[in-house]
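A.B. asks: Just one file: work21.tsv, with TSV, C-alpha atoms and all ligand atoms.
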```tsv
chain	number	residue	atom	x	y	z
A	102	MET	CA	46.07	-5.74	0.77
A	103	ARG	CA	44.97	-5.86	4.40
A	104	ILE	CA	41.79	-4.36	5.83
A	105	ALA	CA	40.78	-4.40	9.49
A	106	LEU	CA	37.15	-3.76	10.38
A	107	THR	CA	37.32	-2.64	13.98
A	108	GLY	CA	34.87	-1.71	16.71
A	109	GLY	CA	31.84	-3.55	15.35
A	110	LEU	CA	29.78	-6.43	16.64
A	111	VAL	CA	30.72	-9.51	14.62
A	112	ALA	CA	27.85	-11.82	13.59
A	113	ASP	CA	29.49	-14.73	11.81
A	114	GLY	CA	26.30	-16.23	10.38
A	115	ASN	CA	26.34	-19.39	12.51
A	116	GLY	CA	23.41	-18.25	14.61
A	117	THR	CA	25.37	-17.46	17.73
A	118	ALA	CA	25.12	-14.09	19.46
A	119	PRO	CA	27.25	-11.33	17.89
A	120	VAL	CA	30.51	-10.59	19.74
A	121	PRO	CA	32.76	-7.51	19.70
A	122	GLY	CA	35.78	-8.09	17.52
A	123	THR	CA	37.92	-7.11	14.57
A	124	VAL	CA	37.56	-8.77	11.20
A	125	LEU	CA	40.80	-8.96	9.29
A	126	VAL	CA	40.64	-9.21	5.50
A	127	GLU	CA	43.68	-10.11	3.41
A	128	ASP	CA	43.54	-10.19	-0.36
A	129	ASP	CA	39.73	-10.28	-0.46
A	130	ARG	CA	39.52	-13.15	2.03
A	131	ILE	CA	38.72	-13.16	5.73
A	132	ALA	CA	42.02	-13.91	7.42
A	133	GLY	CA	40.72	-13.95	10.96
A	134	VAL	CA	38.41	-12.58	13.61
A	135	LEU	CA	40.48	-11.00	16.39
A	136	PRO	CA	39.49	-10.02	19.94
A	137	PRO	CA	38.70	-6.30	20.25
A	138	ALA	CA	41.98	-5.44	21.99
A	139	ALA	CA	44.26	-7.43	19.65
A	140	SER	CA	47.00	-5.50	17.94
A	141	LEU	CA	46.55	-5.08	14.21
A	142	PRO	CA	49.03	-6.34	11.63
A	143	PRO	CA	51.25	-3.62	10.21
A	144	GLY	CA	49.97	-1.80	7.15
A	145	ALA	CA	46.32	-2.71	7.64
A	146	GLU	CA	43.81	-0.18	6.41
A	147	VAL	CA	41.43	0.38	9.33
A	148	ILE	CA	37.70	0.80	8.80
A	149	ASP	CA	35.91	1.92	11.94
A	150	ALA	CA	32.72	-0.15	12.27
A	151	THR	CA	31.79	1.17	15.71
A	152	GLY	CA	28.03	1.05	16.17
A	153	ASN	CA	27.59	-1.40	13.29
A	154	ILE	CA	27.24	-5.12	12.89
A	155	VAL	CA	29.89	-6.82	10.78
A	156	ALA	CA	28.42	-9.86	9.02
A	157	PRO	CA	28.89	-11.98	5.92
A	158	GLY	CA	26.83	-10.78	2.95
A	159	PHE	CA	23.22	-11.92	3.03
A	160	ILE	CA	21.83	-14.40	0.53
A	161	ASP	CA	18.50	-13.41	-1.03
A	162	LEU	CA	17.19	-16.71	-2.20
A	163	HIS	CA	14.01	-15.36	-3.72
A	164	SER	CA	15.15	-12.86	-6.31
A	165	HIS	CA	13.87	-12.05	-9.78
A	166	ALA	CA	16.92	-9.89	-10.49
A	167	ASP	CA	17.87	-12.07	-13.45
A	168	PHE	CA	15.35	-9.83	-15.25
A	169	SER	CA	16.79	-6.54	-13.98
A	170	LEU	CA	20.54	-6.93	-13.43
A	171	GLY	CA	21.20	-6.48	-17.13
A	172	SER	CA	20.07	-2.87	-16.84
A	173	ALA	CA	21.20	-2.35	-13.22
A	174	PRO	CA	24.44	-4.33	-12.83
A	175	ALA	CA	25.63	-2.21	-9.90
A	176	ALA	CA	22.91	-3.95	-7.84
A	177	GLU	CA	22.70	-0.93	-5.53
A	178	SER	CA	19.33	-1.83	-4.02
A	179	GLN	CA	20.67	-5.25	-3.02
A	180	LEU	CA	24.08	-4.10	-1.78
A	181	ALA	CA	22.51	-1.31	0.27
A	182	GLN	CA	20.68	-4.02	2.21
A	183	GLY	CA	23.80	-6.10	2.70
A	184	VAL	CA	22.74	-8.68	0.11
A	185	THR	CA	25.72	-10.02	-1.80
A	186	THR	CA	24.31	-13.22	-3.32
A	187	LEU	CA	21.06	-13.55	-5.23
A	188	VAL	CA	19.32	-16.81	-6.08
A	189	ALA	CA	17.27	-15.97	-9.17
A	190	GLY	CA	15.08	-17.81	-11.67
A	191	ASN	CA	12.20	-18.17	-9.22
A	192	CYS	CA	8.47	-18.84	-9.65
A	193	GLY	CA	8.93	-20.73	-12.91
A	194	TRP	CA	10.57	-17.85	-14.77
A	195	SER	CA	14.13	-17.59	-16.02
A	196	PRO	CA	15.35	-15.55	-19.00
A	197	PHE	CA	16.68	-18.73	-20.68
A	198	PRO	CA	16.45	-21.02	-22.56
A	199	ILE	CA	14.81	-19.09	-25.38
A	200	THR	CA	13.23	-20.45	-28.50
A	201	ASN	CA	9.86	-18.59	-28.43
A	202	LEU	CA	11.04	-15.11	-27.53
A	203	GLU	CA	7.78	-13.22	-28.03
A	204	ILE	CA	5.81	-15.56	-25.75
A	205	LEU	CA	8.53	-15.49	-23.10
A	206	ARG	CA	8.74	-11.71	-23.28
A	207	ALA	CA	4.97	-11.38	-22.83
A	208	GLY	CA	4.87	-13.94	-20.00
A	209	THR	CA	7.62	-12.18	-18.07
A	210	ALA	CA	6.52	-8.59	-18.75
A	211	PHE	CA	5.45	-8.28	-15.10
A	212	LEU	CA	9.07	-8.77	-14.04
A	213	GLY	CA	10.00	-5.54	-15.79
A	214	ALA	CA	12.88	-6.77	-17.93
A	215	ARG	CA	14.81	-4.10	-19.74
A	216	HIS	CA	17.51	-6.34	-21.14
A	217	GLU	CA	18.28	-7.17	-24.75
A	218	TRP	CA	17.29	-10.86	-24.89
A	219	SER	CA	20.35	-11.50	-27.03
A	220	TRP	CA	21.04	-15.10	-25.89
A	221	HIS	CA	19.55	-18.59	-26.13
A	222	ASP	CA	20.89	-20.44	-23.12
A	223	LEU	CA	22.26	-19.93	-19.61
A	224	ALA	CA	25.85	-19.54	-20.81
A	225	GLY	CA	24.84	-16.89	-23.34
A	226	PHE	CA	22.82	-15.02	-20.70
A	227	ALA	CA	25.59	-15.17	-18.11
A	228	ALA	CA	28.10	-13.85	-20.64
A	229	THR	CA	26.06	-10.62	-20.97
A	230	LEU	CA	26.20	-9.87	-17.24
A	231	GLU	CA	28.80	-8.41	-14.96
A	232	PRO	CA	26.80	-7.91	-11.78
A	233	ALA	CA	28.29	-6.47	-8.61
A	234	VAL	CA	26.74	-9.35	-6.65
A	235	ASN	CA	27.03	-13.12	-6.82
A	236	LEU	CA	24.27	-14.64	-8.89
A	237	ALA	CA	22.98	-18.23	-8.62
A	238	LEU	CA	20.67	-19.10	-11.51
A	239	GLN	CA	17.71	-21.45	-11.56
A	240	VAL	CA	15.82	-22.65	-14.61
A	241	GLY	CA	12.12	-21.80	-14.72
A	242	HIS	CA	9.49	-24.36	-15.66
A	243	CYS	CA	7.28	-21.77	-17.42
A	244	THR	CA	10.28	-20.76	-19.50
A	245	LEU	CA	11.10	-24.39	-20.36
A	246	ARG	CA	7.49	-25.03	-21.33
A	247	ILE	CA	7.36	-21.94	-23.53
A	248	ALA	CA	10.61	-23.00	-25.21
A	249	VAL	CA	9.14	-26.38	-26.11
A	250	MET	CA	5.34	-25.92	-26.23
A	251	GLY	CA	4.65	-22.18	-26.52
A	252	SER	CA	1.58	-21.28	-24.46
A	253	ALA	CA	-0.35	-24.50	-25.18
A	254	GLN	CA	-2.83	-25.59	-22.51
A	255	ARG	CA	-2.34	-29.35	-22.60
A	256	ALA	CA	0.00	-32.04	-21.35
A	257	PRO	CA	3.32	-32.37	-23.17
A	258	SER	CA	3.88	-35.33	-25.47
A	259	ALA	CA	6.58	-37.78	-24.38
A	260	ASP	CA	8.91	-36.11	-26.84
A	261	GLU	CA	8.11	-32.60	-25.56
A	262	LEU	CA	8.71	-33.69	-21.98
A	263	ARG	CA	12.06	-35.17	-23.02
A	264	GLN	CA	12.98	-31.89	-24.73
A	265	MET	CA	12.22	-29.95	-21.53
A	266	GLN	CA	14.35	-32.41	-19.54
A	267	ASP	CA	17.18	-32.06	-22.06
A	268	LEU	CA	17.06	-28.26	-21.81
A	269	LEU	CA	17.11	-28.53	-18.01
A	270	ARG	CA	20.14	-30.85	-18.12
A	271	ALA	CA	21.91	-28.51	-20.52
A	272	ALA	CA	21.35	-25.56	-18.16
A	273	ALA	CA	22.60	-27.67	-15.24
A	274	ASP	CA	25.75	-28.42	-17.23
A	275	GLN	CA	26.19	-24.68	-17.72
A	276	GLY	CA	25.99	-23.98	-14.00
A	277	ALA	CA	22.31	-23.72	-13.00
A	278	VAL	CA	21.77	-24.41	-9.30
A	279	GLY	CA	18.04	-25.02	-9.31
A	280	PHE	CA	14.79	-25.70	-11.11
A	281	SER	CA	11.72	-23.63	-10.20
A	282	THR	CA	8.01	-23.84	-10.82
A	283	GLY	CA	5.35	-21.12	-10.74
A	284	LEU	CA	2.22	-23.23	-10.78
A	285	ILE	CA	-0.20	-20.30	-10.67
A	286	TYR	CA	1.28	-18.75	-13.82
A	287	ALA	CA	0.35	-19.67	-17.37
A	288	PRO	CA	1.73	-21.88	-18.85
A	289	GLY	CA	3.14	-23.52	-15.68
A	290	THR	CA	-0.36	-23.87	-14.29
A	291	TYR	CA	-1.30	-26.13	-17.24
A	292	ALA	CA	1.12	-28.79	-16.01
A	293	GLU	CA	-0.28	-31.84	-14.25
A	294	PRO	CA	1.62	-33.00	-11.16
A	295	SER	CA	3.14	-35.85	-13.21
A	296	GLU	CA	4.85	-33.39	-15.60
A	297	VAL	CA	6.26	-31.41	-12.69
A	298	ALA	CA	7.40	-34.61	-10.95
A	299	ALA	CA	9.24	-35.79	-14.09
A	300	LEU	CA	11.13	-32.49	-14.30
A	301	VAL	CA	11.86	-32.47	-10.57
A	302	ALA	CA	13.35	-35.95	-11.01
A	303	THR	CA	15.65	-34.55	-13.70
A	304	ALA	CA	16.53	-31.72	-11.34
A	305	GLY	CA	17.29	-34.29	-8.64
A	306	GLU	CA	19.55	-36.27	-11.01
A	307	CYS	CA	21.46	-33.08	-11.80
A	308	GLY	CA	21.80	-32.14	-8.12
A	309	LEU	CA	19.57	-29.07	-8.53
A	310	LEU	CA	17.42	-27.47	-5.87
A	311	TYR	CA	13.66	-27.58	-6.53
A	312	SER	CA	12.07	-24.20	-5.72
A	313	THR	CA	8.35	-23.81	-6.07
A	314	HIS	CA	5.70	-21.15	-6.11
A	315	LEU	CA	2.96	-23.56	-5.06
A	316	ARG	CA	-0.01	-24.41	-7.24
A	317	ASN	CA	-2.37	-22.97	-4.66
A	318	GLU	CA	-1.71	-20.56	-1.79
A	319	GLY	CA	-5.37	-20.25	-0.76
A	320	ALA	CA	-7.80	-22.95	0.35
A	321	GLY	CA	-5.72	-25.56	-1.49
A	322	LEU	CA	-2.44	-24.63	0.23
A	323	LEU	CA	-1.91	-27.92	2.06
A	324	ALA	CA	-2.63	-30.13	-0.97
A	325	ALA	CA	-0.29	-27.98	-3.07
A	326	LEU	CA	2.41	-28.27	-0.41
A	327	ASP	CA	2.00	-32.04	-0.30
A	328	GLU	CA	2.33	-32.16	-4.11
A	329	ALA	CA	5.65	-30.30	-3.87
A	330	ILE	CA	6.94	-32.48	-1.03
A	331	ALA	CA	5.96	-35.67	-2.91
A	332	ALA	CA	7.72	-34.50	-6.10
A	333	ALA	CA	10.89	-33.59	-4.22
A	334	ARG	CA	10.94	-36.87	-2.29
A	335	ALA	CA	10.32	-39.02	-5.39
A	336	GLY	CA	12.78	-37.02	-7.49
A	337	GLY	CA	15.53	-36.91	-4.88
A	338	ALA	CA	15.72	-33.11	-4.98
A	339	ARG	CA	16.07	-30.66	-2.12
A	340	LEU	CA	12.95	-28.48	-1.81
A	341	GLU	CA	12.52	-24.75	-1.29
A	342	VAL	CA	8.95	-23.49	-0.82
A	343	SER	CA	8.88	-19.91	-2.05
A	344	HIS	CA	7.08	-17.14	-0.17
A	345	LEU	CA	5.06	-19.43	2.07
A	346	LYS	CA	1.72	-17.85	2.93
A	347	ALA	CA	-2.04	-18.31	3.06
A	348	VAL	CA	-3.88	-15.97	0.71
A	349	GLY	CA	-7.43	-14.88	1.51
A	350	THR	CA	-8.90	-13.99	4.88
A	351	THR	CA	-10.88	-17.23	5.01
A	352	ASN	CA	-7.59	-19.13	4.76
A	353	HIS	CA	-5.76	-17.31	7.51
A	354	GLY	CA	-4.31	-19.80	9.95
A	355	LEU	CA	-3.48	-22.40	7.30
A	356	VAL	CA	0.20	-21.52	7.55
A	357	SER	CA	0.35	-23.20	10.96
A	358	ALA	CA	-0.85	-26.46	9.42
A	359	ALA	CA	1.54	-25.92	6.50
A	360	LEU	CA	4.46	-25.63	8.94
A	361	GLU	CA	3.42	-28.92	10.51
A	362	HIS	CA	3.43	-30.58	7.05
A	363	LEU	CA	6.90	-29.17	6.42
A	364	ASP	CA	8.17	-30.36	9.79
A	365	ARG	CA	6.85	-33.87	9.17
A	366	ALA	CA	8.16	-34.19	5.60
A	367	ASP	CA	11.17	-36.50	5.28
A	368	VAL	CA	12.72	-34.30	2.63
A	369	ASP	CA	15.66	-31.90	2.83
A	370	LEU	CA	13.69	-28.65	2.60
A	371	GLY	CA	13.41	-25.00	3.45
A	372	TRP	CA	10.97	-22.17	2.95
A	373	ASP	CA	10.97	-18.41	2.80
A	374	ALA	CA	8.44	-15.70	3.54
A	375	TYR	CA	7.85	-12.09	2.51
A	376	PRO	CA	8.70	-9.43	5.08
A	377	TYR	CA	5.33	-7.77	4.42
A	378	THR	CA	1.68	-8.72	4.75
A	379	ALA	CA	0.51	-8.33	1.16
A	380	THR	CA	1.04	-10.67	-1.72
A	381	SER	CA	2.57	-9.24	-4.81
A	382	THR	CA	2.25	-10.39	-8.38
A	383	THR	CA	0.69	-9.72	-11.76
A	384	LEU	CA	-3.08	-9.38	-11.98
A	385	THR	CA	-3.22	-11.95	-14.78
A	386	THR	CA	-2.80	-14.64	-12.11
A	387	ARG	CA	-6.36	-13.84	-11.00
A	388	LEU	CA	-7.77	-14.65	-14.44
A	389	PRO	CA	-9.09	-18.15	-15.10
A	390	ALA	CA	-6.31	-20.31	-16.59
A	391	TRP	CA	-8.21	-20.85	-19.85
A	392	ALA	CA	-8.33	-17.11	-20.50
A	393	LEU	CA	-4.57	-17.05	-21.07
A	394	ALA	CA	-4.22	-20.26	-23.11
A	395	GLY	CA	-2.76	-19.73	-26.55
A	396	GLY	CA	-1.76	-16.15	-25.74
A	397	THR	CA	-5.07	-14.74	-26.96
A	398	LEU	CA	-6.28	-12.76	-23.94
A	399	LEU	CA	-6.73	-9.48	-25.80
A	400	ASP	CA	-8.77	-11.23	-28.53
A	401	ARG	CA	-10.92	-12.81	-25.85
A	402	LEU	CA	-11.48	-9.48	-24.12
A	403	ALA	CA	-12.54	-7.94	-27.45
A	404	ASP	CA	-15.34	-10.50	-27.74
A	405	PRO	CA	-18.31	-9.38	-25.53
A	406	ALA	CA	-19.43	-12.94	-24.71
A	407	GLU	CA	-15.92	-14.06	-23.76
A	408	ARG	CA	-15.39	-10.86	-21.79
A	409	GLU	CA	-18.54	-11.59	-19.79
A	410	ARG	CA	-17.34	-15.16	-19.14
A	411	ILE	CA	-14.04	-13.81	-17.81
A	412	ALA	CA	-15.88	-11.22	-15.70
A	413	ASP	CA	-18.10	-13.95	-14.23
A	414	ALA	CA	-15.01	-15.96	-13.29
A	415	LEU	CA	-13.52	-12.89	-11.60
A	416	ARG	CA	-16.71	-12.18	-9.67
A	417	SER	CA	-16.74	-15.72	-8.31
A	418	ASP	CA	-13.07	-15.48	-7.24
A	419	GLN	CA	-13.23	-15.43	-3.46
A	420	LEU	CA	-9.65	-14.22	-3.19
A	421	LEU	CA	-9.97	-11.06	-5.20
A	422	SER	CA	-11.92	-8.15	-3.85
A	423	PRO	CA	-11.15	-5.19	-6.15
A	424	ASP	CA	-10.88	-2.72	-3.30
A	425	THR	CA	-8.19	-4.77	-1.58
A	426	VAL	CA	-5.88	-4.66	-4.60
A	427	VAL	CA	-3.36	-1.84	-4.83
A	428	ILE	CA	-1.91	-0.98	-8.22
A	429	ALA	CA	1.80	-0.50	-7.74
A	430	SER	CA	3.19	-0.80	-11.22
A	431	LEU	CA	1.80	0.01	-14.66
A	432	PRO	CA	3.33	0.60	-18.05
A	433	PRO	CA	3.18	4.22	-19.20
A	434	GLY	CA	-0.11	5.14	-20.84
A	435	ARG	CA	-3.78	5.53	-20.29
A	436	TYR	CA	-4.12	4.17	-16.73
A	437	GLU	CA	-0.87	5.54	-15.36
A	438	ASP	CA	-2.63	7.87	-12.92
A	439	SER	CA	-4.12	4.80	-11.20
A	440	ARG	CA	-0.79	3.87	-9.70
A	441	GLY	CA	-1.11	3.91	-5.91
A	442	LEU	CA	-4.91	3.53	-6.02
A	443	THR	CA	-7.01	0.44	-5.51
A	444	LEU	CA	-8.62	-1.35	-8.46
A	445	THR	CA	-11.79	0.62	-7.72
A	446	ARG	CA	-9.65	3.77	-8.05
A	447	SER	CA	-9.98	4.67	-4.36
A	448	PRO	CA	-7.09	5.91	-2.29
A	449	VAL	CA	-5.36	3.22	-0.26
A	450	PRO	CA	-6.71	3.19	3.32
A	451	THR	CA	-4.21	4.79	5.70
A	452	ALA	CA	-3.89	1.57	7.69
A	453	TRP	CA	-2.31	-0.02	4.64
A	454	THR	CA	0.16	2.73	3.91
A	455	PRO	CA	3.22	0.51	4.42
A	456	LEU	CA	1.85	-1.74	1.68
A	457	ARG	CA	2.25	0.99	-0.88
A	458	SER	CA	5.95	0.33	-0.92
A	459	CYS	CA	5.24	-3.19	-2.16
A	460	CYS	CA	4.00	-4.19	-5.58
A	461	ALA	CA	0.56	-4.82	-7.10
A	462	SER	CA	-0.90	-6.12	-3.93
A	463	SER	CA	-3.83	-7.87	-2.45
A	464	ASN	CA	-4.26	-7.10	1.22
A	465	THR	CA	-5.44	-10.58	2.00
A	466	THR	CA	-2.41	-12.37	3.27
A	467	ARG	CA	-1.68	-13.63	6.73
A	468	ARG	CA	1.38	-12.11	8.30
A	469	PRO	CA	4.25	-14.48	7.59
A	470	SER	CA	6.27	-15.78	10.47
A	471	ALA	CA	9.16	-13.56	11.34
A	472	SER	CA	11.84	-16.06	10.59
A	473	SER	CA	12.37	-18.48	7.77
A	474	THR	CA	14.28	-21.70	7.86
A	475	THR	CA	15.81	-21.52	4.44
A	476	ARG	CA	18.93	-23.43	3.86
B	1	ZN	ZN	6.22	-16.55	-6.79
```
Rewrite the coordinates I just gave you, this time as structure tokens.
C.D. replies:
Amino acid sequence: MRIALTGGLVADGNGTAPVPGTVLVEDDRIAGVLPPAASLPPGAEVIDATGNIVAPGFIDLHSHADFSLGSAPAAESQLAQGVTTLVAGNCGWSPFPITNLEILRAGTAFLGARHEWSWHDLAGFAATLEPAVNLALQVGHCTLRIAVMGSAQRAPSADELRQMQDLLRAAADQGAVGFSTGLIYAPGTYAEPSEVAALVATAGECGLLYSTHLRNEGAGLLAALDEAIAAARAGGARLEVSHLKAVGTTNHGLVSAALEHLDRADVDLGWDAYPYTATSTTLTTRLPAWALAGGTLLDRLADPAERERIADALRSDQLLSPDTVVIASLPPGRYEDSRGLTLTRSPVPTAWTPLRSCCASSNTTRRPSASSTTR
């Protein structure tokens, strides 16, 4: 089967300026890029791309679609944007391996999974999917930790660390391309740098990418970045810094220094940035880490003294001003009518209107640079 895409501007993905041309596809492969006036091979089906750019499919390397493709395998929202390959398993969360399902399900609720959780490992998960896009899977550190240690707030024993490394190797054998951390999320945040470094070293041995949602994206951004660079260098892994940003108005400008650290690092690395000015995640990340240990948050909130302790911690959080947080997503129920309002239940100021298309958002992030240098 031959297809000729004619009349478009061809951007081949190598960074050079697009040129007019015809892309010839034979049996699902690009057979050539012809000059605009070239005659077409007989029998080619012609698709008129006049007024359009013809480009290879885009790679979205910061996707959480491993939690949604099971219920939306047609991947329409990705394909409509020209994205044909997703790198998933980011921010420390992957839907495998599973040994403590209830804890994993609770920890990943903010990713909106509607799948059946009918597997234990990467191979079992992959066998349930037939997505319309290419999917590259990473293994999440939070998920590994839950599989071995539940939601415990402590360092792993030597044996527990070995079990996490074994699970990571097993996933690599089954085709994982990366290992990710989400060091603001419980239980990933309970890990000392040495635990992360040991797992990054395993990732390096297995040839996996190390992707990280840094431990701190506020005042501690540079130290967190240096931790990631050091782990990647020592472990021999390539590094991807996820959604690089500086959160909190007092930290605006830190991204420039972060870029200098990245430029200086003698590690094979890349980074990506959101195409919007908010940051977007679950509100539980603004709770003190101890409030989530052991999975007993609701019990703690039911205890007036503990509730006051948590409230005090929130009040002293310089990054969270309740009227800068927009509620974008809520489960059905009692607070559903708060969707689209701020945490103080005020309408979103008009100047922020574009932010309403994002997720639960804090309007405190510096505008990311327009381009990213991801690999
Ligand atoms: Zn993240």
A.B. asks: Set the cut-off to 8 Å, count all atoms listed in the file, and list whatever residues fall near ligand ZN 1 (chain B) as an MDAnalysis selection string.
C.D. replies: chainID A and resid 191:193 283 313:315 343:344 382
A.B. asks: Taking all atoms listed in the file into account, name the residue in A:Val124, A:Ala287, A:Leu398, A:Leu162 that is nearest to Asp373 (chain A).
C.D. replies: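 Looking only at the distances to Asp373 (chain A), the closest residue turns out to be A:Leu162.
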A.B. asks: Kindly provide the residues of region 160-261 of chain A that approach region 292-311 of chain A to within 9 Å, each paired with its closest atom pair and their distance in Å to one decimal, based on only C-alpha atoms, listed by chain and increasing number, as CSV.
C.D. replies:
```
residue,atom,partner,partner_atom,distance
A:Gln239,CA,A:Leu310,CA,8.3
A:His242,CA,A:Val297,CA,8.3
A:Gln254,CA,A:Ala292,CA,8.3
A:Arg255,CA,A:Ala292,CA,7.5
A:Ala256,CA,A:Ala292,CA,6.4
A:Pro257,CA,A:Glu296,CA,7.8
```
A.B. asks: Neighbours of Gln179 (chain A) within 10 Å (only C-alpha atoms; same-chain residues fewer than 4 positions away dropped), as a list in words?
C.D. replies: Phe159, Ile160, Asp161, Ser164, Ala166, Ala175, Gly183, Val184, Thr185, Thr186, Leu187, Ala233 and Val234 of chain A
A.B. asks: Let's have the selection written as a PDB file, keeping the file's coordinate frame, with C-alpha atoms.
C.D. replies:
```pdb
ATOM      1  CA  PHE A 159      23.220 -11.920   3.030  1.00  0.00           C
ATOM      2  CA  ILE A 160      21.830 -14.400   0.530  1.00  0.00           C
ATOM      3  CA  ASP A 161      18.500 -13.410  -1.030  1.00  0.00           C
ATOM      4  CA  SER A 164      15.150 -12.860  -6.310  1.00  0.00           C
ATOM      5  CA  ALA A 166      16.920  -9.890 -10.490  1.00  0.00           C
ATOM      6  CA  ALA A 175      25.630  -2.210  -9.900  1.00  0.00           C
ATOM      7  CA  GLY A 183      23.800  -6.100   2.700  1.00  0.00           C
ATOM      8  CA  VAL A 184      22.740  -8.680   0.110  1.00  0.00           C
ATOM      9  CA  THR A 185      25.720 -10.020  -1.800  1.00  0.00           C
ATOM     10  CA  THR A 186      24.310 -13.220  -3.320  1.00  0.00           C
ATOM     11  CA  LEU A 187      21.060 -13.550  -5.230  1.00  0.00           C
ATOM     12  CA  ALA A 233      28.290  -6.470  -8.610  1.00  0.00           C
ATOM     13  CA  VAL A 234      26.740  -9.350  -6.650  1.00  0.00           C
TER      14      VAL A 234
END
```
A.B. asks: CA of Val368 (chain A) to CA of Ala335 (chain A): how many Å, to one decimal?
C.D. replies: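 Taking CA of Val368 (chain A) and CA of Ala335 (chain A), their separation equals 9.6 Å.
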A.B. asks: Figure out the distance between CA of Asp424 (chain A) and CA of Ser439 (chain A), please, to one decimal in Å.
C.D. replies: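 CA of Asp424 (chain A) lies 12.8 Å from CA of Ser439 (chain A).
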A.B. asks: Given all atoms listed in the file as the basis, pick out the residue of A:Ala394, A:Leu223, A:Val134, A:Ala248 nearest to Thr290 (chain A).
C.D. replies: A:Ala394
A.B. asks: Go ahead and compute the interatomic distance for CA of Ala145 (chain A) and CA of Ala181 (chain A), in Å to one decimal.
C.D. replies: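 Value for the CA of Ala145 (chain A)-CA of Ala181 (chain A) distance: 25.0 Å.
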A.B. asks: Have a look at A:Val342, A:Ala329, A:Leu442, A:Ala320 and name the one nearest to Leu420 (chain A); count only C-alpha atoms.
C.D. replies: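 For Leu420 (chain A), the nearest of the candidates is A:Ala320.
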A.B. asks: With all atoms listed in the file as the atoms that count, which of A:Ala273, A:Val147, A:Ile131, A:Ala429 lies nearest to Phe211 (chain A)?
C.D. replies: A:Ala429
A.B. asks: Which residues, written as a list in words, have at least one atom at most 10 Å from Glu217 (chain A), with only C-alpha atoms counted and residues fewer than 3 positions away on the same chain left out?
C.D. replies: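 Counting only the stated atoms, we get Gly171, Ser172, Ala214, Trp220, Phe226 and Thr229 of chain A.
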A.B. asks: Please return the centre and edge lengths, in Å to one decimal, of a box with edges along x, y and z that contains all listed atoms of region 190-204 of chain A, widened by 8 Å on every side, as lines of an AutoDock Vina configuration file.
C.D. replies:
```
center_x = 11.2
center_y = -17.1
center_z = -18.9
size_x = 26.9
size_y = 23.8
size_z = 35.3
```
A.B. asks: Let me make sure I understand: among A:Gly225, A:Gly337, A:Pro137, A:Pro376, which one has the smallest atom-to-atom distance to His163 (chain A) if we use only C-alpha atoms?
C.D. replies: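 Among the listed residues, A:Pro376 lies closest to His163 (chain A).
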A.B. asks: Considering all atoms listed in the file, can you say which of A:Thr107, A:Ser195, A:Thr386, A:Thr451 comes closest to Glu146 (chain A)?
C.D. replies: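 Between A:Thr107, A:Ser195, A:Thr386, A:Thr451, the residue approaching Glu146 (chain A) most closely is A:Thr107.
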A.B. asks: Can you pull out every residue within 10 Å of Gln264 (chain A), counting all atoms listed in the file, but drop anything in the same chain fewer than 6 positions away, and send it as a ChimeraX atom specification?
C.D. replies: /A:245-246,248-250,257-258,270
